[in-house]
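What follows is upload22.txt (compact mmCIF, N, CA and C atoms).
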# COMPACT_ATOMS: atom_id res chain seq x y z
N MET R 17 139.06 80.35 108.65
CA MET R 17 137.70 80.15 108.20
C MET R 17 137.42 81.08 107.03
N LYS R 18 136.57 80.59 106.14
CA LYS R 18 136.18 81.37 104.98
C LYS R 18 134.67 81.35 104.83
N ALA R 19 134.15 82.44 104.32
CA ALA R 19 132.76 82.51 103.90
C ALA R 19 132.79 82.59 102.38
N ILE R 20 132.10 81.65 101.74
CA ILE R 20 132.15 81.55 100.28
C ILE R 20 130.74 81.70 99.72
N TRP R 21 130.63 82.55 98.74
CA TRP R 21 129.33 82.83 98.11
C TRP R 21 129.52 82.77 96.59
N HIS R 22 128.78 81.89 95.94
CA HIS R 22 128.87 81.71 94.48
C HIS R 22 130.32 81.51 94.04
N GLY R 23 131.07 80.72 94.80
CA GLY R 23 132.46 80.40 94.47
C GLY R 23 133.46 81.49 94.78
N GLN R 24 133.02 82.56 95.39
CA GLN R 24 133.86 83.71 95.68
C GLN R 24 134.06 83.84 97.20
N VAL R 25 135.29 84.00 97.64
CA VAL R 25 135.56 84.21 99.06
C VAL R 25 135.15 85.63 99.42
N ILE R 26 134.19 85.73 100.35
CA ILE R 26 133.73 87.07 100.74
C ILE R 26 134.17 87.43 102.16
N ALA R 27 134.73 86.45 102.88
CA ALA R 27 135.32 86.71 104.20
C ALA R 27 136.37 85.64 104.46
N ASP R 28 137.46 86.05 105.09
CA ASP R 28 138.56 85.12 105.36
C ASP R 28 139.26 85.60 106.63
N SER R 29 139.25 84.74 107.67
CA SER R 29 139.87 85.14 108.93
C SER R 29 140.27 83.92 109.74
N ASP R 30 141.35 84.06 110.49
CA ASP R 30 141.75 83.00 111.42
C ASP R 30 141.33 83.36 112.85
N ARG R 31 140.51 84.39 112.99
CA ARG R 31 140.04 84.76 114.33
C ARG R 31 138.52 84.96 114.37
N THR R 32 137.79 84.02 113.78
CA THR R 32 136.34 84.04 113.85
C THR R 32 135.89 83.57 115.23
N LEU R 33 134.65 83.86 115.56
CA LEU R 33 134.06 83.40 116.82
C LEU R 33 132.74 82.69 116.52
N GLU R 34 132.47 81.63 117.26
CA GLU R 34 131.19 80.95 117.15
C GLU R 34 130.34 81.30 118.37
N VAL R 35 129.15 81.80 118.10
CA VAL R 35 128.21 82.15 119.15
C VAL R 35 126.84 81.62 118.75
N ASP R 36 126.22 80.86 119.63
CA ASP R 36 124.90 80.29 119.38
C ASP R 36 124.81 79.53 118.06
N GLY R 37 125.88 78.84 117.69
CA GLY R 37 125.86 78.01 116.50
C GLY R 37 126.19 78.72 115.20
N TYR R 38 126.44 80.02 115.24
CA TYR R 38 126.80 80.77 114.04
C TYR R 38 128.23 81.27 114.16
N ARG R 39 128.94 81.31 113.03
CA ARG R 39 130.32 81.76 112.97
C ARG R 39 130.32 83.22 112.54
N TYR R 40 131.04 84.07 113.28
CA TYR R 40 131.11 85.50 113.00
C TYR R 40 132.53 85.88 112.60
N PHE R 41 132.62 86.80 111.64
CA PHE R 41 133.89 87.29 111.11
C PHE R 41 134.08 88.75 111.50
N PRO R 42 135.30 89.12 111.89
CA PRO R 42 135.57 90.54 112.12
C PRO R 42 135.26 91.33 110.84
N ARG R 43 134.66 92.46 111.00
CA ARG R 43 134.23 93.27 109.85
C ARG R 43 135.36 93.56 108.86
N GLU R 44 136.57 93.79 109.37
CA GLU R 44 137.68 94.13 108.47
C GLU R 44 138.13 92.96 107.61
N THR R 45 137.63 91.76 107.88
CA THR R 45 137.99 90.58 107.07
C THR R 45 136.90 90.22 106.06
N VAL R 46 135.88 91.06 105.98
CA VAL R 46 134.72 90.81 105.12
C VAL R 46 134.73 91.77 103.93
N ARG R 47 134.39 91.24 102.77
CA ARG R 47 134.23 92.08 101.57
C ARG R 47 132.95 92.89 101.69
N MET R 48 133.02 93.98 102.42
CA MET R 48 131.83 94.80 102.68
C MET R 48 131.27 95.41 101.40
N ASP R 49 132.07 95.47 100.34
CA ASP R 49 131.57 95.98 99.06
C ASP R 49 130.51 95.05 98.46
N LEU R 50 130.44 93.82 98.95
CA LEU R 50 129.44 92.86 98.45
C LEU R 50 128.20 92.80 99.35
N LEU R 51 128.22 93.52 100.48
CA LEU R 51 127.10 93.54 101.39
C LEU R 51 126.34 94.85 101.26
N HIS R 52 125.02 94.74 101.18
CA HIS R 52 124.17 95.91 100.99
C HIS R 52 123.11 95.94 102.09
N VAL R 53 123.07 97.02 102.85
CA VAL R 53 122.14 97.17 103.97
C VAL R 53 120.71 96.97 103.48
N THR R 54 119.93 96.18 104.23
CA THR R 54 118.52 96.00 103.92
C THR R 54 117.68 96.82 104.90
N PRO R 55 116.50 97.23 104.47
CA PRO R 55 115.62 97.94 105.40
C PRO R 55 115.26 97.01 106.56
N LYS R 56 115.14 97.58 107.75
CA LYS R 56 114.78 96.78 108.92
C LYS R 56 113.29 96.47 108.90
N THR R 57 112.98 95.22 109.20
CA THR R 57 111.59 94.79 109.31
C THR R 57 111.10 95.05 110.73
N GLU R 58 109.82 94.85 110.96
CA GLU R 58 109.25 95.00 112.29
C GLU R 58 109.94 94.03 113.27
N ASN R 59 110.19 92.80 112.82
CA ASN R 59 110.88 91.82 113.67
C ASN R 59 112.32 92.24 113.95
N ASP R 60 113.00 92.80 112.95
CA ASP R 60 114.38 93.28 113.16
C ASP R 60 114.40 94.33 114.27
N LEU R 61 113.42 95.22 114.26
CA LEU R 61 113.37 96.30 115.24
C LEU R 61 113.13 95.78 116.65
N LYS R 62 112.55 94.59 116.78
CA LYS R 62 112.31 93.98 118.09
C LYS R 62 113.55 93.28 118.65
N CYS R 63 114.56 93.06 117.82
CA CYS R 63 115.76 92.34 118.27
C CYS R 63 116.48 93.15 119.35
N PRO R 64 116.75 92.53 120.51
CA PRO R 64 117.42 93.27 121.58
C PRO R 64 118.89 93.59 121.30
N HIS R 65 119.44 93.02 120.24
CA HIS R 65 120.85 93.24 119.91
C HIS R 65 121.05 94.27 118.79
N GLY R 66 119.97 94.85 118.29
CA GLY R 66 120.08 95.84 117.22
C GLY R 66 120.57 95.23 115.93
N VAL R 67 119.90 94.20 115.45
CA VAL R 67 120.35 93.49 114.26
C VAL R 67 120.21 94.35 113.00
N GLN R 68 121.20 94.20 112.12
CA GLN R 68 121.15 94.80 110.78
C GLN R 68 121.46 93.69 109.78
N PHE R 69 120.51 93.43 108.88
CA PHE R 69 120.73 92.43 107.84
C PHE R 69 121.29 93.09 106.58
N TYR R 70 121.95 92.25 105.78
CA TYR R 70 122.55 92.69 104.52
C TYR R 70 122.20 91.69 103.43
N ASP R 71 121.94 92.20 102.23
CA ASP R 71 121.90 91.35 101.05
C ASP R 71 123.35 91.16 100.61
N VAL R 72 123.67 89.96 100.15
CA VAL R 72 124.97 89.72 99.55
C VAL R 72 124.74 89.78 98.05
N ALA R 73 125.49 90.64 97.35
CA ALA R 73 125.22 90.84 95.93
C ALA R 73 126.49 91.20 95.17
N GLY R 74 126.55 90.70 93.94
CA GLY R 74 127.65 91.02 93.04
C GLY R 74 127.53 90.21 91.76
N ASP R 75 128.03 90.74 90.67
CA ASP R 75 128.01 90.07 89.38
C ASP R 75 126.62 89.59 88.97
N GLY R 76 125.61 90.39 89.28
CA GLY R 76 124.24 90.07 88.88
C GLY R 76 123.52 89.08 89.79
N ALA R 77 124.20 88.55 90.79
CA ALA R 77 123.57 87.61 91.73
C ALA R 77 123.25 88.35 93.03
N ARG R 78 122.23 87.86 93.73
CA ARG R 78 121.84 88.47 95.01
C ARG R 78 121.28 87.39 95.92
N SER R 79 121.71 87.42 97.16
CA SER R 79 121.16 86.55 98.20
C SER R 79 120.60 87.45 99.29
N PRO R 80 119.27 87.60 99.34
CA PRO R 80 118.66 88.50 100.31
C PRO R 80 118.92 88.09 101.75
N ARG R 81 119.29 89.07 102.55
CA ARG R 81 119.44 88.92 104.00
C ARG R 81 120.33 87.74 104.39
N ALA R 82 121.38 87.50 103.63
CA ALA R 82 122.28 86.37 103.86
C ALA R 82 123.40 86.69 104.83
N ALA R 83 123.45 87.92 105.31
CA ALA R 83 124.47 88.33 106.29
C ALA R 83 123.81 89.26 107.29
N TRP R 84 124.40 89.31 108.49
CA TRP R 84 123.87 90.22 109.50
C TRP R 84 124.97 90.62 110.48
N SER R 85 124.64 91.67 111.23
CA SER R 85 125.55 92.18 112.25
C SER R 85 124.70 92.71 113.40
N TYR R 86 125.25 92.64 114.60
CA TYR R 86 124.57 93.22 115.76
C TYR R 86 125.21 94.55 116.09
N GLU R 87 124.39 95.61 116.10
CA GLU R 87 124.88 96.96 116.31
C GLU R 87 124.85 97.40 117.77
N ALA R 88 124.08 96.70 118.58
CA ALA R 88 123.98 97.02 120.01
C ALA R 88 123.83 95.72 120.81
N PRO R 89 124.83 94.84 120.70
CA PRO R 89 124.70 93.52 121.32
C PRO R 89 124.71 93.57 122.85
N ARG R 90 123.98 92.63 123.42
CA ARG R 90 123.93 92.48 124.87
C ARG R 90 124.55 91.15 125.26
N ALA R 91 125.01 91.07 126.46
CA ALA R 91 125.48 89.84 127.12
C ALA R 91 126.31 88.95 126.20
N VAL R 92 125.80 87.76 125.90
CA VAL R 92 126.56 86.74 125.17
C VAL R 92 126.99 87.20 123.78
N MET R 93 126.30 88.16 123.18
CA MET R 93 126.62 88.61 121.83
C MET R 93 127.67 89.73 121.81
N LYS R 94 128.03 90.27 122.95
CA LYS R 94 129.02 91.37 123.02
C LYS R 94 130.32 91.08 122.27
N PRO R 95 130.88 89.85 122.36
CA PRO R 95 132.15 89.60 121.67
C PRO R 95 132.08 89.76 120.15
N VAL R 96 130.88 89.72 119.57
CA VAL R 96 130.76 89.86 118.11
C VAL R 96 130.11 91.19 117.72
N ASP R 97 130.30 92.18 118.55
CA ASP R 97 129.79 93.53 118.29
C ASP R 97 130.28 94.02 116.92
N HIS R 98 129.35 94.25 116.01
CA HIS R 98 129.60 94.73 114.65
C HIS R 98 130.34 93.72 113.76
N TRP R 99 130.50 92.49 114.20
CA TRP R 99 131.07 91.45 113.34
C TRP R 99 129.97 90.95 112.41
N ILE R 100 130.34 90.18 111.40
CA ILE R 100 129.38 89.74 110.39
C ILE R 100 129.17 88.23 110.47
N GLY R 101 127.89 87.84 110.50
CA GLY R 101 127.50 86.43 110.44
C GLY R 101 126.86 86.15 109.08
N PHE R 102 126.93 84.91 108.66
CA PHE R 102 126.39 84.53 107.35
C PHE R 102 125.49 83.30 107.49
N TRP R 103 124.57 83.15 106.55
CA TRP R 103 123.74 81.96 106.45
C TRP R 103 123.16 81.88 105.05
N GLU R 104 122.15 81.05 104.87
CA GLU R 104 121.49 80.86 103.59
C GLU R 104 122.47 80.41 102.51
N ASP R 105 122.70 81.22 101.49
CA ASP R 105 123.54 80.84 100.33
C ASP R 105 125.04 80.95 100.58
N VAL R 106 125.44 81.40 101.76
CA VAL R 106 126.86 81.59 102.06
C VAL R 106 127.35 80.37 102.84
N GLU R 107 128.38 79.73 102.29
CA GLU R 107 128.98 78.56 102.93
C GLU R 107 130.15 79.00 103.80
N VAL R 108 130.14 78.58 105.06
CA VAL R 108 131.24 78.90 105.97
C VAL R 108 132.01 77.63 106.22
N THR R 109 133.31 77.65 105.85
CA THR R 109 134.16 76.46 105.99
C THR R 109 135.45 76.80 106.71
Take the structure I supplied and represent it as C-alpha cells, if you would.
Amino acid sequence: MKAIWHGQVIADSDRTLEVDGYRYFPRETVRMDLLHVTPKTENDLKCPHGVQFYDVAGDGARSPRAAWSYEAPRAVMKPVDHWIGFWEDVEVT
C-alpha cells in the first residue's frame, strides 16, 4: 500500500492495517519529514485515543490535518499505536 500526496509517495508498506475504514501505516514507513505536528484543538483533547494531527507539507504545498496518529490508543485502536493514518488530499492505494 502507498500513500500518495501531490504525486509523491509519502508512505509505502506491505504491512498496513485497516481499522474502522481507515488504512494505517507503520511510522517507520512514512516520510515523517513531510508531516508537521498541529496544535491540538478542544475536540482533539477529548479523543480517548490521544489523537495527534499533522499537516502534510512540502515544496510549497500544504494539506492541513491530512494525517494523524493515536498516542494513547484504547481497545480496537491498540494495533495502530503511533501508526499514521491519512485522509483528505492523501490518496491511499
Give me the residues within 7 Å of Gln68 of chain R as a list in words, counting only N, CA and C atoms and dropping any in the same chain fewer than 3 places off.
Val53, Thr54, Lys56, Asp60, His65, Ala83, Trp84, Ser85, Tyr86 and Glu87 of chain R
Just list the residues in chain R DSSP gives helix (DSSP H, G or I) on the backbone, as a count of residues only.
17
Rounded to one decimal, what separation in Å do you get between atom CA of His98 of chain R and atom CA of Gly23 of chain R?
24.9 Å
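Comparing the minimum interatomic distances between Glu44 of chain R and each of R:Asp28, R:Ala73, R:Ala88, R:Val108, counting all atoms listed in the file, we find that R:Asp28 sits nearest.
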Counting all atoms listed in the file, which of R:Leu61, R:Trp99, R:Thr109, R:Val92 gets nearest to Asp36 of chain R?
R:Val92
All residues 7 Å or closer to Tyr40 of chain R, only C-alpha atoms, same chain fewer than 3 positions away omitted, as JSON, numbers by chain:
{"R": [32, 33, 34, 96, 99, 100, 101]}
Which residues, written as a ChimeraX atom specification, have at least one atom at most 9 Å from Arg81 of chain R, with only C-alpha atoms counted and residues fewer than 3 positions away on the same chain left out?
/R:52-54,69-72,84,102-104
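Minimum distance to Pro89 of chain R across R:Val67, R:Val46, R:Val106, R:Ile20 (counting all atoms listed in the file) occurs at R:Val67.
Take atom C of Asn59 of chain R and atom CA of Trp21 of chain R: the distance between them is 25.1 Å.
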Interatomic distance (Å, one decimal) between atom CA of Asp97 of chain R and atom CA of His22 of chain R:
26.6 Å
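Across R:Pro80, R:Arg90, R:Asp105, R:Met48, the tightest approach to Gly66 of chain R is made by R:Arg90 when counting all atoms listed in the file.
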Once you add 4 Å to each side, what are the centre and edge lengths of the axis-aligned box holding all listed atoms of segment 28-40 of chain R? One decimal in Å, as AutoDock Vina command-line options, if you can.
--center_x 133.3 --center_y 82.0 --center_z 112.4 --size_x 24.9 --size_y 16.0 --size_z 22.5
